[in-house]
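**Student:** I'd like to ask some things about the structure below.
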Amino acid sequence: MMKPVICVVGARPNYMKMGPILRAFAQHMPEIPALLVHTGQHYDHAMNAKLFADLELPKPDVNLEVGSGTHAVQTAEIMKRFEPILDTHGASAVLVVGDVNSTIACALVAVKKGIPVVHVEAGLRSFDRAMPEEVNRVLTDQIADLLYTTERSAAGNLAREGIPAERIVFTGNVMIDSLRFNLAKAIPAAETMQAAGFPGDLLDGPAGFGVVTLHRPSNVDDPAVFAALIDTLLTASERLPLVFPIHPRTRGNLERFGLLTRLEGKRIYLLPPQGYLEMLGLMSRARVVMTDSGGIQEETTALGVPCLTLRENTERPITVDQGTNTLVGRDRDAILAGLQSSLHGDGKAGRIPEFWDGAAAQRIAGHLFDWLKERGEGV
């Protein structure tokens, strides 16, 4: 009997990646046993429950309920609480996704206990070590036994870091599996606006609308930087209305820095944090998306919607090279020029990258089952 593959989620982006993997494990013949561990790193419990429901994720078998804290406190607490789970249940492997603190914390515990580590979404690099996520990516890849990549360029990054080629498998992007599986269920933008207390037809003007998301500390934690971005968004909103689902950290800083009043009576519509299906509905209809989120860069490429990334770098270069993404940083002129191109129909159309076809999770399940069997795991 194969011991379970312990699958770890901790924060919002993980859920979109794990849903297709768990479905593929259940559909594999024979079924791959799995144990879902939620670290509780994402601490908005109401949004947590909604995301699990939207994505048809099963209820976690274990919730470590770690909550928020500094990077050191959170990572250490996850490690302390995760180790007894491995002792209790055993594992044929520990599967981690993405680049959050839960990813590196659980990978470290597993490797020190001699349990194989499987990293989904391996090899992505921004080459900016000031980003905590970049440190998590690099370290997780170094200790992983099996690395599943979303784009071919990732293999080159891993090779430069000394990762043997036989540990790397190009399987495609499970985030896009989730998008394709759920797109038909996306909540219409009008319903989302009505639920937030706005008129449902608010976004029906000839210019359409844009979507904004901001949450990275480099954009929202510095008062001068954040104020300049808000001024740029206000100018952009004169050209088309902007829907801004707002991260709790971002809202807190808007209030702290006295920026919230600048948005009153303007065409920037602040929404509370949205569920996955609501965000899909907004993005799929948007003329342009302005964001600092890595996952949204991928989703807009899959949707064919122009994306302006308000960062100086991206760990997902394929969205720039082949997709709809343009890096504009925090440069006001570049942001407004990108917006204008999108409104004139000159925004990047892009194409769908290789293996972003909705079947990445099936490729992972098939390869992982064979790999575990070769290692002597029973079936």
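Residue numbers start at 1 in each chain; chains themselves are named A, B, ... in the order of the structure tokens; ligands are numbered from 1 in the order shown.
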Just the residues within 8 Å of region 87-101 of chain A, please, counting only C-alpha atoms, with nothing from its chain fewer than 6 positions along; format it as a short mmCIF file (atom, residue, chain, number, x, y, z; two decimals) with all heavy atoms, in the first residue's frame.

**Tutor:**
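Saved file around14.cif follows:
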```cif
data_model
loop_
_atom_site.label_atom_id
_atom_site.label_comp_id
_atom_site.auth_asym_id
_atom_site.auth_seq_id
_atom_site.Cartn_x
_atom_site.Cartn_y
_atom_site.Cartn_z
N MET A 2 0.64 2.13 -0.94
CA MET A 2 1.43 3.36 -1.03
C MET A 2 1.05 4.29 0.12
O MET A 2 -0.13 4.52 0.37
CB MET A 2 1.18 4.06 -2.37
CG MET A 2 1.95 5.35 -2.56
SD MET A 2 1.59 6.17 -4.16
CE MET A 2 2.49 5.10 -5.29
N LYS A 3 2.06 4.79 0.83
CA LYS A 3 1.79 5.80 1.84
C LYS A 3 1.32 7.08 1.14
O LYS A 3 1.62 7.31 -0.02
CB LYS A 3 3.05 6.07 2.67
CG LYS A 3 3.52 4.89 3.50
CD LYS A 3 4.60 5.28 4.49
CE LYS A 3 5.91 5.62 3.81
NZ LYS A 3 6.58 4.46 3.23
N PRO A 4 0.59 7.94 1.84
CA PRO A 4 0.04 9.11 1.15
C PRO A 4 1.11 10.11 0.72
O PRO A 4 2.17 10.21 1.34
CB PRO A 4 -0.87 9.74 2.22
CG PRO A 4 -0.29 9.29 3.52
CD PRO A 4 0.23 7.90 3.26
N VAL A 5 0.79 10.83 -0.35
CA VAL A 5 1.55 12.02 -0.71
C VAL A 5 0.94 13.15 0.11
O VAL A 5 -0.25 13.45 -0.02
CB VAL A 5 1.45 12.32 -2.21
CG1 VAL A 5 2.19 13.63 -2.54
CG2 VAL A 5 2.02 11.17 -3.03
N ILE A 6 1.75 13.75 0.98
CA ILE A 6 1.23 14.84 1.80
C ILE A 6 1.35 16.13 0.99
O ILE A 6 2.44 16.54 0.58
CB ILE A 6 1.98 14.94 3.14
CG1 ILE A 6 1.66 13.70 3.97
CG2 ILE A 6 1.60 16.23 3.88
CD1 ILE A 6 2.16 13.73 5.39
N CYS A 7 0.20 16.75 0.74
CA CYS A 7 0.10 17.94 -0.11
C CYS A 7 -0.13 19.15 0.78
O CYS A 7 -1.05 19.16 1.60
CB CYS A 7 -1.05 17.79 -1.10
SG CYS A 7 -0.85 16.38 -2.23
N VAL A 8 0.69 20.18 0.60
CA VAL A 8 0.69 21.33 1.51
C VAL A 8 0.15 22.57 0.82
O VAL A 8 0.58 22.93 -0.28
CB VAL A 8 2.13 21.61 2.01
CG1 VAL A 8 2.15 22.86 2.90
CG2 VAL A 8 2.69 20.40 2.75
N VAL A 9 -0.80 23.23 1.48
CA VAL A 9 -1.24 24.56 1.06
C VAL A 9 -1.13 25.49 2.27
O VAL A 9 -1.23 25.04 3.41
CB VAL A 9 -2.69 24.58 0.52
CG1 VAL A 9 -2.80 23.79 -0.77
CG2 VAL A 9 -3.68 24.06 1.56
N GLY A 10 -0.92 26.78 1.98
CA GLY A 10 -0.79 27.71 3.08
C GLY A 10 -1.36 29.08 2.81
O GLY A 10 -1.79 29.77 3.72
N ALA A 11 -1.34 29.51 1.55
CA ALA A 11 -1.79 30.85 1.19
C ALA A 11 -2.55 30.78 -0.12
O ALA A 11 -2.46 29.80 -0.86
CB ALA A 11 -0.59 31.80 1.07
N PRO A 13 -2.49 31.66 -3.30
CA PRO A 13 -2.05 31.12 -4.59
C PRO A 13 -1.90 29.60 -4.59
O PRO A 13 -2.04 28.96 -5.63
CB PRO A 13 -0.68 31.80 -4.81
CG PRO A 13 -0.69 32.99 -3.93
CD PRO A 13 -1.53 32.64 -2.76
N ASN A 14 -1.60 29.02 -3.41
CA ASN A 14 -1.44 27.57 -3.34
C ASN A 14 -2.72 26.82 -3.68
O ASN A 14 -2.70 25.72 -4.25
CB ASN A 14 -1.02 27.14 -1.93
CG ASN A 14 0.30 27.67 -1.47
OD1 ASN A 14 0.59 27.64 -0.28
ND2 ASN A 14 1.11 28.18 -2.37
N LYS A 17 -3.36 26.05 -7.27
CA LYS A 17 -2.43 25.05 -7.81
C LYS A 17 -2.76 23.65 -7.31
O LYS A 17 -2.56 22.67 -8.03
CB LYS A 17 -0.99 25.44 -7.43
CG LYS A 17 -0.56 26.76 -8.03
CD LYS A 17 0.65 27.36 -7.34
CE LYS A 17 0.84 28.81 -7.79
NZ LYS A 17 1.86 29.51 -7.01
N MET A 18 -3.26 23.57 -6.08
CA MET A 18 -3.47 22.24 -5.50
C MET A 18 -4.77 21.60 -5.96
O MET A 18 -4.86 20.37 -6.03
CB MET A 18 -3.44 22.33 -3.97
CG MET A 18 -3.26 20.99 -3.29
SD MET A 18 -1.70 20.17 -3.73
CE MET A 18 -0.54 21.16 -2.79
N GLN A 41 -1.34 29.48 7.13
CA GLN A 41 -0.58 30.71 6.90
C GLN A 41 -1.49 31.83 6.44
O GLN A 41 -1.33 32.99 6.83
CB GLN A 41 0.51 30.45 5.85
CG GLN A 41 1.31 31.69 5.49
CD GLN A 41 2.36 31.42 4.42
OE1 GLN A 41 2.86 30.31 4.28
NE2 GLN A 41 2.69 32.45 3.64
N HIS A 71 8.36 36.59 9.10
CA HIS A 71 8.79 35.44 8.29
C HIS A 71 9.42 34.36 9.17
O HIS A 71 9.14 33.17 9.01
CB HIS A 71 9.78 35.90 7.22
CG HIS A 71 9.15 36.68 6.12
ND1 HIS A 71 8.33 36.11 5.17
CD2 HIS A 71 9.20 38.00 5.81
CE1 HIS A 71 7.90 37.03 4.33
NE2 HIS A 71 8.41 38.19 4.70
N GLN A 74 6.68 32.71 11.52
CA GLN A 74 5.74 31.90 10.77
C GLN A 74 6.40 30.62 10.26
O GLN A 74 5.84 29.52 10.39
CB GLN A 74 5.17 32.71 9.62
CG GLN A 74 3.96 32.10 8.95
CD GLN A 74 3.38 33.01 7.91
OE1 GLN A 74 4.02 33.29 6.90
NE2 GLN A 74 2.16 33.49 8.13
N THR A 75 7.58 30.75 9.68
CA THR A 75 8.29 29.59 9.14
C THR A 75 8.61 28.58 10.25
O THR A 75 8.40 27.37 10.09
CB THR A 75 9.57 30.02 8.42
OG1 THR A 75 9.24 30.97 7.40
CG2 THR A 75 10.28 28.84 7.80
N ALA A 107 9.04 21.76 3.22
CA ALA A 107 10.10 21.07 2.48
C ALA A 107 11.30 20.80 3.38
O ALA A 107 11.90 19.72 3.33
CB ALA A 107 10.51 21.90 1.26
N ALA A 110 10.55 17.87 5.72
CA ALA A 110 10.55 16.58 5.01
C ALA A 110 11.95 16.11 4.68
O ALA A 110 12.30 14.94 4.93
CB ALA A 110 9.72 16.72 3.73
N ILE A 115 12.31 12.23 3.73
CA ILE A 115 11.11 12.04 2.91
C ILE A 115 11.28 12.85 1.63
O ILE A 115 11.64 14.04 1.69
CB ILE A 115 9.85 12.48 3.66
CG1 ILE A 115 9.66 11.60 4.90
CG2 ILE A 115 8.62 12.42 2.77
CD1 ILE A 115 8.57 12.09 5.84
N PRO A 116 11.04 12.27 0.46
CA PRO A 116 11.23 13.00 -0.81
C PRO A 116 10.36 14.25 -0.87
O PRO A 116 9.20 14.25 -0.43
CB PRO A 116 10.80 11.99 -1.87
CG PRO A 116 10.94 10.66 -1.23
CD PRO A 116 10.64 10.86 0.22
N VAL A 117 10.93 15.31 -1.42
CA VAL A 117 10.23 16.58 -1.60
C VAL A 117 9.94 16.77 -3.09
O VAL A 117 10.84 16.64 -3.93
CB VAL A 117 11.06 17.76 -1.07
CG1 VAL A 117 10.40 19.09 -1.42
CG2 VAL A 117 11.27 17.63 0.43
N VAL A 118 8.69 17.07 -3.40
CA VAL A 118 8.25 17.34 -4.77
C VAL A 118 7.83 18.81 -4.83
O VAL A 118 6.96 19.23 -4.06
CB VAL A 118 7.07 16.42 -5.16
CG1 VAL A 118 6.60 16.73 -6.58
CG2 VAL A 118 7.44 14.96 -5.00
N HIS A 119 8.45 19.58 -5.74
CA HIS A 119 8.13 21.01 -5.84
C HIS A 119 7.44 21.29 -7.17
O HIS A 119 8.03 21.10 -8.24
CB HIS A 119 9.41 21.87 -5.73
CG HIS A 119 9.12 23.33 -5.66
ND1 HIS A 119 10.06 24.29 -5.97
CD2 HIS A 119 7.99 24.01 -5.30
CE1 HIS A 119 9.52 25.49 -5.81
NE2 HIS A 119 8.27 25.35 -5.40
N VAL A 120 6.20 21.73 -7.09
CA VAL A 120 5.44 22.11 -8.27
C VAL A 120 5.58 23.61 -8.47
O VAL A 120 5.40 24.38 -7.53
CB VAL A 120 3.95 21.73 -8.10
CG1 VAL A 120 3.12 22.25 -9.27
CG2 VAL A 120 3.81 20.21 -7.98
N GLU A 121 5.89 24.02 -9.69
CA GLU A 121 6.17 25.40 -10.07
C GLU A 121 7.62 25.73 -9.72
O GLU A 121 7.94 26.81 -9.23
CB GLU A 121 5.20 26.39 -9.41
CG GLU A 121 5.12 27.73 -10.12
CD GLU A 121 4.23 28.73 -9.41
OE1 GLU A 121 4.61 29.21 -8.34
OE2 GLU A 121 3.15 29.02 -9.96
N ALA A 122 8.51 24.82 -10.01
CA ALA A 122 9.92 24.99 -9.70
C ALA A 122 10.61 25.84 -10.77
O ALA A 122 10.15 25.95 -11.90
CB ALA A 122 10.60 23.61 -9.61
N GLU A 133 9.88 35.72 -1.47
CA GLU A 133 9.46 34.58 -2.30
C GLU A 133 10.62 34.02 -3.12
O GLU A 133 10.69 32.82 -3.36
CB GLU A 133 8.33 35.01 -3.24
CG GLU A 133 7.06 35.46 -2.53
CD GLU A 133 7.02 36.95 -2.26
OE1 GLU A 133 8.09 37.60 -2.34
OE2 GLU A 133 5.94 37.47 -1.96
N GLU A 134 11.53 34.89 -3.55
CA GLU A 134 12.67 34.41 -4.34
C GLU A 134 13.57 33.52 -3.50
O GLU A 134 14.06 32.49 -3.96
CB GLU A 134 13.46 35.61 -4.89
CG GLU A 134 14.64 35.23 -5.77
CD GLU A 134 14.25 34.81 -7.18
OE1 GLU A 134 13.03 34.68 -7.46
OE2 GLU A 134 15.15 34.63 -8.02
N ASN A 136 12.60 31.75 -0.95
CA ASN A 136 11.86 30.50 -0.77
C ASN A 136 11.97 29.61 -2.00
O ASN A 136 12.13 28.39 -1.89
CB ASN A 136 10.38 30.79 -0.48
CG ASN A 136 10.16 31.43 0.88
OD1 ASN A 136 11.02 31.38 1.75
ND2 ASN A 136 9.00 32.04 1.06
N ARG A 137 11.88 30.21 -3.20
CA ARG A 137 11.99 29.42 -4.44
C ARG A 137 13.34 28.73 -4.55
O ARG A 137 13.44 27.53 -4.83
CB ARG A 137 11.81 30.33 -5.66
CG ARG A 137 10.46 30.92 -5.88
CD ARG A 137 10.46 31.83 -7.10
NE ARG A 137 9.37 32.77 -7.01
CZ ARG A 137 9.50 34.09 -6.93
NH1 ARG A 137 10.68 34.64 -6.99
NH2 ARG A 137 8.45 34.86 -6.81
N LEU A 372 7.36 7.22 -7.91
CA LEU A 372 7.24 6.61 -6.58
C LEU A 372 7.30 5.10 -6.68
O LEU A 372 7.91 4.43 -5.80
CB LEU A 372 5.94 7.06 -5.92
CG LEU A 372 5.88 8.53 -5.48
CD1 LEU A 372 4.47 8.90 -5.03
CD2 LEU A 372 6.89 8.82 -4.38
N GLU A 377 7.67 2.28 -3.69
CA GLU A 377 6.40 2.50 -2.99
C GLU A 377 5.37 1.52 -3.53
O GLU A 377 5.25 1.31 -4.73
CB GLU A 377 5.90 3.93 -3.23
CG GLU A 377 6.66 4.97 -2.43
CD GLU A 377 6.39 4.88 -0.94
OE1 GLU A 377 5.32 4.37 -0.56
OE2 GLU A 377 7.26 5.30 -0.15
#
```

**Student:** Can you work out which one of A:His247, A:Val174, A:Thr149, A:Ile104 has the shortest atom-to-atom distance to Met79 (chain A), counting only C-alpha atoms?

**Tutor:**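 Ranked by minimum distance to Met79 (chain A), first place goes to A:Ile104.
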
**Student:** So that I can see what lies close to Phe355 (chain A), please list as an NGL selection string the residues with an atom at most 8 Å from it, counting only C-alpha atoms and leaving out residues fewer than 3 positions away in the same chain.

**Tutor:** :A and (150 or 171-173 or 358-360)

**Student:** Wanna dump the region 208-249 of chain A-region 332-349 of chain A contacts at 8 Å for me, each residue with its shortest atom pair and the distance in Å to one decimal, counting only C-alpha atoms, ordered by chain and number, as JSON lines?

**Tutor:**
```
{"residue": "A:Leu229", "atom": "CA", "partner": "A:Arg332", "partner_atom": "CA", "distance": 7.7}
{"residue": "A:Thr232", "atom": "CA", "partner": "A:Arg332", "partner_atom": "CA", "distance": 5.9}
{"residue": "A:Ala236", "atom": "CA", "partner": "A:Leu336", "partner_atom": "CA", "distance": 6.5}
```

**Student:** Can you list, as a PyMOL selection string, every protein, DNA or RNA residue that comes within 12 Å of Asn48 (chain A) when you count only C-alpha atoms, leaving out same-chain residues fewer than 5 positions away?

**Tutor:** chain A and resi 9-16+38-43+53-55+57+59-60+63+65+273-276

**Student:** Name the closest residue to Trp356 (chain A) among the candidates A:Ile176, A:Ala159, A:Ile246, A:Ala49; distances are taken between atoms, counting only C-alpha atoms.

**Tutor:**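 Nearest candidate to Trp356 (chain A) out of A:Ile176, A:Ala159, A:Ile246, A:Ala49: A:Ile176.
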